[in-house]
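Coordinates from upload14.csv are shown below (CSV, C-alpha atoms and all ligand atoms).
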```
chain,number,residue,atom,x,y,z
A,287,MET,CA,-13.1,-2.6,-11.2
A,288,ARG,CA,-11.7,-4.0,-8.0
A,289,TYR,CA,-9.9,-1.5,-5.7
A,290,TYR,CA,-7.2,-2.3,-3.1
A,291,LEU,CA,-5.6,-0.3,-0.4
A,292,ALA,CA,-1.8,-0.3,-0.9
A,293,PRO,CA,0.5,-1.3,1.9
A,294,MET,CA,2.4,1.6,3.4
A,295,GLU,CA,4.8,0.9,6.1
A,296,GLY,CA,4.2,3.0,9.2
A,297,ILE,CA,0.9,4.4,7.9
A,298,THR,CA,-1.7,1.8,6.8
A,299,GLY,CA,-1.4,-0.5,9.8
A,300,TYR,CA,-4.5,-1.8,11.6
A,301,ILE,CA,-5.5,1.5,13.1
A,302,PHE,CA,-5.7,3.4,9.8
A,303,ARG,CA,-7.1,0.3,8.1
A,304,ASN,CA,-9.9,-0.2,10.5
A,305,ALA,CA,-10.8,3.5,10.4
A,306,LEU,CA,-10.8,3.5,6.6
A,307,HIS,CA,-12.9,0.3,6.5
A,308,ASP,CA,-15.5,1.7,8.9
A,309,HIS,CA,-15.7,5.2,7.4
A,310,PHE,CA,-15.0,4.7,3.7
A,311,GLY,CA,-14.8,0.9,3.3
A,312,GLU,CA,-17.6,0.5,0.7
A,313,GLY,CA,-16.0,-0.4,-2.6
A,314,ILE,CA,-12.6,-1.4,-1.1
A,315,ASP,CA,-12.1,-5.0,-2.0
A,316,LYS,CA,-8.8,-5.8,-0.3
A,317,TYR,CA,-6.4,-4.3,2.1
A,318,TYR,CA,-2.6,-5.2,2.2
A,319,THR,CA,-0.5,-5.1,5.3
A,320,PRO,CA,2.7,-3.2,5.2
A,321,PHE,CA,5.6,-5.6,4.8
A,322,LEU,CA,6.1,-8.2,7.5
A,323,VAL,CA,9.7,-9.2,8.2
A,324,VAL,CA,10.8,-12.8,8.4
A,325,HIS,CA,12.1,-14.3,11.7
A,326,GLU,CA,14.3,-17.3,12.3
A,327,LYS,CA,12.2,-19.1,15.0
A,328,ILE,CA,8.7,-17.5,14.9
A,329,ALA,CA,6.3,-17.0,12.1
A,330,VAL,CA,5.3,-13.4,12.9
A,331,GLY,CA,6.4,-11.3,15.8
A,332,GLY,CA,6.2,-8.0,17.6
A,333,ARG,CA,4.5,-5.1,15.9
A,334,ASP,CA,3.8,-7.2,12.8
A,335,LEU,CA,1.9,-9.7,15.0
A,336,LYS,CA,-0.4,-6.9,16.3
A,337,ASP,CA,-1.1,-5.9,12.7
A,338,VAL,CA,-2.2,-9.3,11.5
A,339,LEU,CA,-4.1,-10.5,14.5
A,340,PRO,CA,-7.5,-11.6,13.3
A,341,ALA,CA,-9.1,-9.7,16.3
A,342,HIS,CA,-7.6,-6.5,14.9
A,343,ASN,CA,-9.0,-7.1,11.4
A,344,VAL,CA,-12.6,-8.2,11.9
A,345,GLY,CA,-14.6,-8.1,8.7
A,346,ILE,CA,-11.6,-6.8,6.7
A,347,ASN,CA,-10.4,-8.7,3.6
A,348,LEU,CA,-6.7,-8.6,4.4
A,349,VAL,CA,-3.7,-9.9,2.6
A,350,PRO,CA,-0.4,-10.0,4.6
A,351,GLN,CA,2.7,-9.0,2.7
A,352,ILE,CA,6.0,-10.8,3.3
A,353,LEU,CA,9.4,-9.2,2.6
A,354,THR,CA,12.3,-11.7,2.1
A,355,ASN,CA,14.6,-13.3,-0.4
A,356,ASP,CA,14.7,-16.6,1.6
A,357,ALA,CA,12.3,-19.2,0.4
A,358,ASP,CA,12.3,-21.2,3.7
A,359,GLY,CA,11.6,-18.0,5.6
A,360,PHE,CA,8.8,-17.1,3.2
A,361,LEU,CA,7.2,-20.5,3.6
A,362,ARG,CA,7.6,-20.5,7.4
A,363,THR,CA,5.9,-17.1,7.6
A,364,ALA,CA,3.1,-18.0,5.2
A,365,GLU,CA,2.4,-21.1,7.3
A,366,GLY,CA,2.0,-19.0,10.4
A,367,LEU,CA,-0.3,-16.6,8.6
A,368,ALA,CA,-2.4,-19.5,7.2
A,369,GLU,CA,-2.9,-20.7,10.8
A,370,PHE,CA,-4.4,-17.3,11.5
A,371,GLY,CA,-6.8,-18.0,8.6
A,372,TYR,CA,-5.2,-15.9,5.8
A,373,LYS,CA,-6.0,-17.3,2.4
A,374,GLU,CA,-3.5,-15.3,0.4
A,375,VAL,CA,0.0,-13.9,1.1
A,376,ASN,CA,1.8,-11.3,-1.0
A,377,LEU,CA,5.5,-11.1,-1.8
A,378,ASN,CA,7.1,-7.7,-1.8
A,379,LEU,CA,9.4,-7.1,-4.8
A,380,GLY,CA,9.0,-3.4,-4.8
A,381,CYS,CA,10.5,-1.8,-1.7
A,382,PRO,CA,13.2,0.6,-3.0
A,383,SER,CA,14.9,1.7,0.3
A,384,LYS,CA,18.6,1.2,0.7
A,385,THR,CA,18.3,-0.9,3.9
A,386,VAL,CA,16.0,-3.4,2.1
A,387,ALA,CA,16.9,-3.3,-1.6
A,388,GLY,CA,20.6,-3.0,-0.7
A,389,LYS,CA,20.3,-6.5,0.9
A,390,GLY,CA,18.8,-8.0,-2.2
A,391,ARG,CA,15.2,-7.8,-0.9
A,392,GLY,CA,12.2,-5.9,-2.2
A,393,SER,CA,13.1,-4.3,-5.5
A,394,GLY,CA,16.7,-5.2,-4.9
A,395,PHE,CA,15.7,-8.9,-5.6
A,396,LEU,CA,14.9,-7.9,-9.2
A,397,ALA,CA,18.6,-7.5,-9.8
A,398,ASP,CA,19.3,-11.2,-9.5
A,399,THR,CA,16.8,-12.8,-11.8
A,400,GLU,CA,18.4,-16.3,-11.5
A,401,LYS,CA,18.0,-16.2,-7.7
A,402,LEU,CA,14.5,-14.7,-8.0
A,403,ASP,CA,13.5,-17.5,-10.4
A,404,ASP,CA,14.8,-20.2,-8.0
A,405,PHE,CA,13.0,-18.5,-5.1
A,406,LEU,CA,9.7,-18.4,-7.0
A,407,TYR,CA,10.2,-22.0,-8.0
A,408,ARG,CA,10.6,-23.1,-4.4
A,409,ILE,CA,7.6,-21.1,-3.0
A,410,PHE,CA,5.3,-22.2,-5.8
A,411,GLU,CA,6.5,-25.8,-5.8
A,412,ASP,CA,5.4,-26.0,-2.2
A,413,GLY,CA,1.9,-25.6,-3.4
A,414,ARG,CA,0.2,-24.8,-0.1
A,415,PHE,CA,-0.4,-21.1,-0.5
A,416,ASN,CA,-2.1,-18.6,-2.8
A,417,ILE,CA,0.7,-16.1,-3.5
A,418,SER,CA,0.3,-12.7,-5.1
A,419,VAL,CA,3.3,-10.6,-6.0
A,420,LYS,CA,3.8,-6.8,-5.8
A,421,THR,CA,6.6,-5.7,-8.1
A,422,ARG,CA,8.4,-2.8,-9.7
A,423,ILE,CA,9.4,-3.1,-13.3
A,424,GLY,CA,13.2,-3.2,-12.8
A,425,VAL,CA,16.2,-1.8,-11.0
A,426,THR,CA,17.5,0.8,-13.4
A,427,ASP,CA,15.9,0.3,-16.8
A,428,PRO,CA,12.1,0.0,-17.3
A,429,GLU,CA,12.7,-2.5,-20.1
A,430,GLU,CA,14.0,-5.0,-17.6
A,431,PHE,CA,10.4,-5.8,-17.2
A,432,GLY,CA,10.5,-7.8,-20.4
A,433,GLU,CA,12.7,-10.5,-18.7
A,434,LEU,CA,10.9,-10.2,-15.4
A,435,ILE,CA,7.5,-10.9,-16.9
A,436,GLY,CA,8.9,-14.0,-18.6
A,437,ILE,CA,9.9,-15.3,-15.1
A,438,PHE,CA,6.6,-14.4,-13.5
A,439,ASN,CA,4.7,-16.1,-16.3
A,440,LYS,CA,6.3,-19.5,-15.3
A,441,TYR,CA,4.3,-19.5,-12.0
A,442,PRO,CA,0.6,-19.5,-11.0
A,443,ILE,CA,0.7,-16.0,-9.3
A,444,ARG,CA,-2.7,-15.2,-7.8
A,445,GLU,CA,-2.3,-11.6,-8.9
A,446,LEU,CA,0.6,-9.6,-10.2
A,447,ILE,CA,0.5,-6.1,-8.9
A,448,ILE,CA,2.7,-3.9,-11.0
A,449,HIS,CA,4.1,-0.5,-9.9
A,450,PRO,CA,5.7,0.7,-13.1
A,451,ARG,CA,8.7,2.5,-11.7
A,452,VAL,CA,12.2,1.1,-11.3
A,453,ARG,CA,14.0,0.9,-8.0
A,454,TYR,CA,16.1,4.0,-8.3
A,455,GLU,CA,13.0,6.2,-9.2
A,456,TYR,CA,11.7,5.6,-5.7
A,457,TYR,CA,8.3,7.4,-5.9
A,458,LYS,CA,9.5,10.3,-8.0
A,459,GLY,CA,8.5,11.3,-11.5
A,460,LYS,CA,5.7,9.7,-13.5
A,461,PRO,CA,5.1,5.9,-13.5
A,462,HIS,CA,6.0,4.3,-16.9
A,463,ARG,CA,2.5,3.6,-18.0
A,464,ASP,CA,3.7,2.9,-21.5
A,465,ILE,CA,5.7,-0.1,-20.2
A,466,PHE,CA,2.7,-1.2,-18.2
A,467,TYR,CA,0.5,-1.1,-21.3
A,468,LYS,CA,3.1,-2.8,-23.4
A,469,TYR,CA,3.4,-5.8,-21.1
A,470,PHE,CA,-0.2,-5.9,-19.8
A,471,ASP,CA,-1.4,-8.5,-22.3
A,472,THR,CA,1.8,-10.6,-22.1
A,473,SER,CA,1.1,-11.5,-18.4
A,474,ALA,CA,-0.2,-15.1,-18.0
A,475,ASN,CA,-1.4,-14.1,-14.5
A,476,PRO,CA,-4.1,-11.6,-13.5
A,477,VAL,CA,-2.7,-8.1,-13.3
A,478,CYS,CA,-3.4,-5.2,-10.9
A,479,TYR,CA,-2.1,-1.7,-11.6
A,480,ASN,CA,-0.5,0.5,-8.9
A,481,GLY,CA,0.9,4.0,-9.0
A,482,ASP,CA,-0.2,7.7,-8.9
A,483,ILE,CA,-4.0,7.2,-9.1
A,484,PHE,CA,-5.4,10.5,-7.7
A,485,SER,CA,-8.5,11.2,-9.9
A,486,LYS,CA,-11.2,10.0,-12.3
A,487,GLU,CA,-9.0,11.2,-15.1
A,488,ASP,CA,-6.1,9.0,-14.0
A,489,MET,CA,-8.5,6.0,-14.0
A,490,GLU,CA,-9.9,6.9,-17.4
A,491,GLU,CA,-6.5,7.0,-18.9
A,492,LEU,CA,-5.7,3.6,-17.4
A,493,LYS,CA,-8.9,2.0,-18.6
A,494,GLU,CA,-8.3,3.3,-22.1
A,495,GLY,CA,-4.6,2.2,-22.1
A,496,THR,CA,-5.6,-1.4,-21.2
A,497,GLY,CA,-8.6,-1.5,-23.6
A,498,GLY,CA,-11.0,-1.7,-20.7
A,499,ARG,CA,-9.5,-5.1,-19.7
A,500,LEU,CA,-7.9,-4.1,-16.4
A,501,GLY,CA,-9.6,-5.8,-13.4
A,502,ALA,CA,-7.9,-4.2,-10.4
A,503,VAL,CA,-6.2,-1.1,-9.1
A,504,MET,CA,-4.2,-0.6,-5.9
A,505,ILE,CA,-4.1,2.9,-4.4
A,506,GLY,CA,-1.9,4.3,-1.7
A,507,ARG,CA,-1.2,8.0,-1.6
A,508,GLY,CA,-4.4,8.9,-3.4
A,509,ILE,CA,-6.4,7.4,-0.5
A,510,LEU,CA,-4.2,9.2,2.1
A,511,MET,CA,-4.9,12.5,0.3
A,512,ASP,CA,-8.6,11.7,0.0
A,513,PRO,CA,-9.9,8.7,2.0
A,514,SER,CA,-13.2,8.8,0.0
A,515,LEU,CA,-11.3,8.4,-3.3
A,516,ILE,CA,-12.6,5.0,-4.1
A,517,ARG,CA,-16.2,6.1,-3.5
A,518,THR,CA,-15.7,9.1,-5.8
A,519,LEU,CA,-14.0,7.0,-8.5
A,520,SER,CA,-17.1,4.7,-8.4
A,521,GLY,CA,-19.4,7.7,-8.9
A,522,GLY,CA,-20.2,8.4,-5.3
A,523,LYS,CA,-20.3,11.8,-3.4
A,524,ALA,CA,-17.2,13.9,-2.7
A,525,LEU,CA,-15.6,14.0,0.8
A,526,SER,CA,-17.3,16.3,3.2
A,527,ARG,CA,-15.9,18.2,6.2
A,528,SER,CA,-17.7,16.3,8.9
A,529,GLU,CA,-16.7,13.0,7.3
A,530,ILE,CA,-13.0,13.8,7.3
A,531,MET,CA,-13.2,15.2,10.8
A,532,SER,CA,-14.8,12.2,12.3
A,533,PHE,CA,-12.3,9.9,10.4
A,534,LEU,CA,-9.3,11.9,11.8
A,535,ASP,CA,-10.8,11.9,15.3
A,536,ARG,CA,-11.3,8.1,15.1
A,537,ILE,CA,-7.6,7.6,14.1
A,538,ARG,CA,-6.4,10.0,16.9
A,539,ASP,CA,-8.5,8.2,19.6
A,540,ASP,CA,-7.4,4.7,18.5
A,541,LEU,CA,-3.7,5.9,18.4
A,542,LEU,CA,-4.1,7.4,21.9
A,543,ARG,CA,-5.3,4.0,23.2
A,544,GLU,CA,-2.4,2.2,21.4
A,545,MET,CA,0.6,4.5,22.1
A,546,SER,CA,2.2,5.5,25.3
A,547,SER,CA,2.7,9.2,24.7
A,548,GLU,CA,0.8,12.1,23.1
A,549,LYS,CA,4.0,13.0,21.3
A,550,GLN,CA,4.0,9.7,19.4
A,551,VAL,CA,0.4,10.2,18.4
A,552,LEU,CA,1.1,13.7,17.3
A,553,MET,CA,4.0,12.4,15.1
A,554,LYS,CA,1.7,9.8,13.5
A,555,LEU,CA,-1.0,12.3,12.8
A,556,LYS,CA,1.5,14.7,11.3
A,557,GLU,CA,2.8,11.9,9.0
A,558,LEU,CA,-0.8,11.4,7.8
A,559,TRP,CA,-1.2,15.2,7.3
A,560,GLY,CA,1.9,15.1,5.1
A,561,TYR,CA,-0.2,13.3,2.6
A,562,LEU,CA,-3.7,14.6,3.4
A,563,GLY,CA,-2.4,18.2,3.2
A,564,ASN,CA,-1.7,17.8,-0.5
A,565,GLY,CA,-5.4,18.1,-1.0
A,566,PHE,CA,-5.4,21.7,0.4
A,567,PRO,CA,-3.0,23.6,-1.7
A,568,GLY,CA,-4.5,26.9,-0.7
A,569,ARG,CA,-3.6,26.3,3.0
A,570,LYS,CA,0.1,26.1,2.8
A,571,LYS,CA,0.7,28.4,5.8
A,572,GLU,CA,-1.6,26.5,8.2
A,573,LEU,CA,-0.2,23.1,7.0
A,574,LYS,CA,3.3,24.3,7.8
A,575,GLN,CA,2.1,25.3,11.3
A,576,LEU,CA,0.4,22.0,11.7
A,577,LEU,CA,3.5,20.1,10.8
A,578,LYS,CA,5.5,22.1,13.4
A,579,CYS,CA,2.8,22.2,16.2
A,580,GLY,CA,3.5,20.8,19.7
A,581,SER,CA,0.2,19.4,21.0
A,582,LEU,CA,-2.9,17.6,19.9
A,583,ASN,CA,-5.1,20.6,20.8
A,584,GLU,CA,-3.0,22.8,18.6
A,585,LEU,CA,-3.3,20.3,15.8
A,586,LYS,CA,-7.0,20.1,16.1
A,587,MET,CA,-7.4,23.9,15.8
A,588,LEU,CA,-5.2,24.0,12.8
A,589,GLN,CA,-7.0,21.1,11.3
A,590,MET,CA,-10.3,22.9,11.6
A,591,GLN,CA,-8.8,26.0,9.9
A,592,ILE,CA,-7.5,23.9,7.0
A,593,LEU,CA,-10.7,22.0,6.6
A,594,GLY,CA,-12.7,25.2,6.9
A,595,ASP,CA,-12.6,25.5,3.0
A,596,MET,CA,-14.4,22.2,2.6
A,597,LYS,CA,-18.2,21.8,2.0
A,598,GLU,CA,-20.0,20.4,5.1
A,599,VAL,CA,-22.2,18.2,3.0
A,600,SER,CA,-21.6,17.4,-0.6
B,701,LIG,C1,5.8,5.7,3.2
B,701,LIG,C2,5.5,4.5,2.3
B,701,LIG,C3,5.6,3.2,2.8
B,701,LIG,C4,5.4,2.1,1.9
B,701,LIG,N1,5.4,0.9,2.4
B,701,LIG,C5,5.2,-0.2,1.5
B,701,LIG,C6,5.2,-1.5,2.0
B,701,LIG,O1,5.3,-1.8,3.2
B,701,LIG,N2,5.0,-2.5,1.1
B,701,LIG,C7,4.9,-2.3,-0.3
B,701,LIG,O2,4.7,-3.2,-1.1
B,701,LIG,N3,4.9,-1.0,-0.7
B,701,LIG,C8,5.0,0.0,0.1
B,701,LIG,N4,5.0,1.3,-0.3
B,701,LIG,C9,4.6,1.5,-1.8
B,701,LIG,C10,3.1,1.7,-1.9
B,701,LIG,O3,2.4,0.5,-1.6
B,701,LIG,C11,2.7,2.0,-3.4
B,701,LIG,O4,3.3,1.1,-4.2
B,701,LIG,C12,3.3,3.4,-3.8
B,701,LIG,O5,2.9,4.4,-2.8
B,701,LIG,C13,2.7,3.8,-5.1
B,701,LIG,O6,1.3,3.8,-5.1
B,701,LIG,P1,0.5,5.2,-5.0
B,701,LIG,O7,1.0,6.1,-6.0
B,701,LIG,O8,-1.0,4.8,-5.1
B,701,LIG,O9,0.8,5.7,-3.6
B,701,LIG,C14,5.2,2.4,0.5
B,701,LIG,C15,5.1,3.7,0.0
B,701,LIG,C16,5.3,4.8,0.9
B,701,LIG,C17,5.3,6.2,0.3
```
Can the structure from this file be put into structure tokens for me?
Ligand SMILES: Cc1cc2nc3c(=O)[nH]c(=O)nc-3n(C[C@H](O)[C@H](O)[C@H](O)COP(=O)(O)O)c2cc1C
Amino acid sequence: MRYYLAPMEGITGYIFRNALHDHFGEGIDKYYTPFLVVHEKIAVGGRDLKDVLPAHNVGINLVPQILTNDADGFLRTAEGLAEFGYKEVNLNLGCPSKTVAGKGRGSGFLADTEKLDDFLYRIFEDGRFNISVKTRIGVTDPEEFGELIGIFNKYPIRELIIHPRVRYEYYKGKPHRDIFYKYFDTSANPVCYNGDIFSKEDMEELKEGTGGRLGAVMIGRGILMDPSLIRTLSGGKALSRSEIMSFLDRIRDDLLREMSSEKQVLMKLKELWGYLGNGFPGRKKELKQLLKCGSLNELKMLQMQILGDMKEVS
């Protein structure tokens, strides 16, 4: 099984990605950038540029993700990324947020299948780039995927990453694994599964549902909750207290170098704890305090209390 880190805007940028790669990278085959926006005159700009700079991603197998419904913009951005040495680019057809999908991008693009088909025709006809696609299964009805997979099958998609929820489900409820299994064998392109993988049991169910034929899984929140998840899914040891502490210290130190104020760093670390904290259901009180605390010192103290339950060495 190949494992990928999911793109998560605001979280899995190059600082988190490098820390994950250095501390828990064994077994992680690919990393995806959070979506890059398309510009009129430049290929990649601002914060996005920092994220994809080869110097910020040394030794990391990184796939940049592009969010657009404009074929020329996609090709312009892909060209700039190819100049940096990237061998694959990913198209975002999954983002459910109103500001994105409301403008017909991300999962909003799935609503206009004719336009989507034309767009895919243009970017694949160009022929210069290896393009993978990360998609939801529809806008309102999971069965929309029947038509969508028919469109995807017309193009040589490097890998079709399927998150089996529709746009309006955002990240709530359970993914429609039944729909994923139903269409898994009808894909002419290699398929990767994404959505709610948190444990070995989740992986077992997925392997069984696909008759052992699934080749790749992309994981987001599961890794934020337990950065050693891919190691444990592959039979390795469980996360220890010292490991998570040095991982969090590394992220804090890199953020301090990158950001202008401690307040910003604190916000970022709290965002991370919003996911990591789900792994400590017995520490609700401390987690609440951590999410409200006002300094990095306070955060560190609360962090030690929360992690106090963990084994030092596993
Ligand atoms: C805060 C947040 C930001 C995300 N940003 C992106 C993004 O930039 N591009 C993308 O394709 N998906 C994005 N996603 C979706 C994730 O990549 C993934 O599909 C989703 O979290 C489901 O997988 P999981 O259950 O393993 O987390 C984001 C999700 C969250 C919660």
Enclose all atoms of ligand LIG 701 (chain B) listed in the file in an axis-aligned box, grow every side by 5 Å, and hand back centre and edge lengths in Å to one decimal, as lines of an AutoDock Vina configuration file.
```
center_x = 2.4
center_y = 1.5
center_z = -1.4
size_x = 16.8
size_y = 19.4
size_z = 19.2
```
Practice task
Identify, counting only C-alpha atoms and all ligand atoms, the protein, DNA and RNA residues located within 8 Å of ligand LIG 701 (chain B), and give them as a PyMOL selection string.
Solution key: chain A and resi 292-297+319-322+351+377-381+420-421+449+457+480-484+504-509
Completion exercise
Between atom CA of A:Phe360 and atom CA of A:Leu510 lies a distance of 29.4 Å
Place a sphere of radius 12 Å on (2.0, -24.2, -5.4) in the file coordinates and name every protein, DNA or RNA residue with an atom inside or on its surface, counting only C-alpha atoms; give the answer as a PDB file with C-alpha atoms, in the coordinates of the input.
```pdb
ATOM      1  CA  LEU A 361       7.200 -20.500   3.600  1.00  0.00           C
ATOM      2  CA  GLU A 374      -3.500 -15.300   0.400  1.00  0.00           C
ATOM      3  CA  LEU A 406       9.700 -18.400  -7.000  1.00  0.00           C
ATOM      4  CA  TYR A 407      10.200 -22.000  -8.000  1.00  0.00           C
ATOM      5  CA  ARG A 408      10.600 -23.100  -4.400  1.00  0.00           C
ATOM      6  CA  ILE A 409       7.600 -21.100  -3.000  1.00  0.00           C
ATOM      7  CA  PHE A 410       5.300 -22.200  -5.800  1.00  0.00           C
ATOM      8  CA  GLU A 411       6.500 -25.800  -5.800  1.00  0.00           C
ATOM      9  CA  ASP A 412       5.400 -26.000  -2.200  1.00  0.00           C
ATOM     10  CA  GLY A 413       1.900 -25.600  -3.400  1.00  0.00           C
ATOM     11  CA  ARG A 414       0.200 -24.800  -0.100  1.00  0.00           C
ATOM     12  CA  PHE A 415      -0.400 -21.100  -0.500  1.00  0.00           C
ATOM     13  CA  ASN A 416      -2.100 -18.600  -2.800  1.00  0.00           C
ATOM     14  CA  ILE A 417       0.700 -16.100  -3.500  1.00  0.00           C
ATOM     15  CA  SER A 418       0.300 -12.700  -5.100  1.00  0.00           C
ATOM     16  CA  LYS A 440       6.300 -19.500 -15.300  1.00  0.00           C
ATOM     17  CA  TYR A 441       4.300 -19.500 -12.000  1.00  0.00           C
ATOM     18  CA  PRO A 442       0.600 -19.500 -11.000  1.00  0.00           C
ATOM     19  CA  ILE A 443       0.700 -16.000  -9.300  1.00  0.00           C
ATOM     20  CA  ARG A 444      -2.700 -15.200  -7.800  1.00  0.00           C
TER      21      ARG A 444
END
```
Each stretch 290-330 of chain A residue no farther than 12 Å from stretch 520-524 of chain A, nearest pair in Å, only C-alpha atoms, as JSON lines:
```
{"residue": "A:Phe310", "atom": "CA", "partner": "A:Gly522", "partner_atom": "CA", "distance": 11.0}
{"residue": "A:Glu312", "atom": "CA", "partner": "A:Ser520", "partner_atom": "CA", "distance": 10.0}
{"residue": "A:Gly313", "atom": "CA", "partner": "A:Ser520", "partner_atom": "CA", "distance": 7.8}
{"residue": "A:Ile314", "atom": "CA", "partner": "A:Ser520", "partner_atom": "CA", "distance": 10.5}
```
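Taking atom CA of A:Thr472 as the reference point, atom CA of A:Pro350 is found at 26.8 Å.
Closest approach to A:Tyr289 from the set A:Pro450, A:Gly501, A:Pro428, A:Gly392 is made by A:Gly501, with distances taken over only C-alpha atoms.
Of note, atom CA of A:Asn439 and atom CA of A:Pro461 are spaced 22.2 Å apart.
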Handout entry: Contacts of stretch 587-590 of chain A within 9 Å, only C-alpha atoms, excl. fewer than 5 positions in-chain, as an NGL selection string
Key = :A and (531 or 572-573 or 575-576 or 579 or 582)
Problem - Nearest to A:Arg499, chosen from A:Cys478, A:Leu396, A:Met511, A:Ile537, with all atoms listed in the file counted in the distances - result: A:Cys478
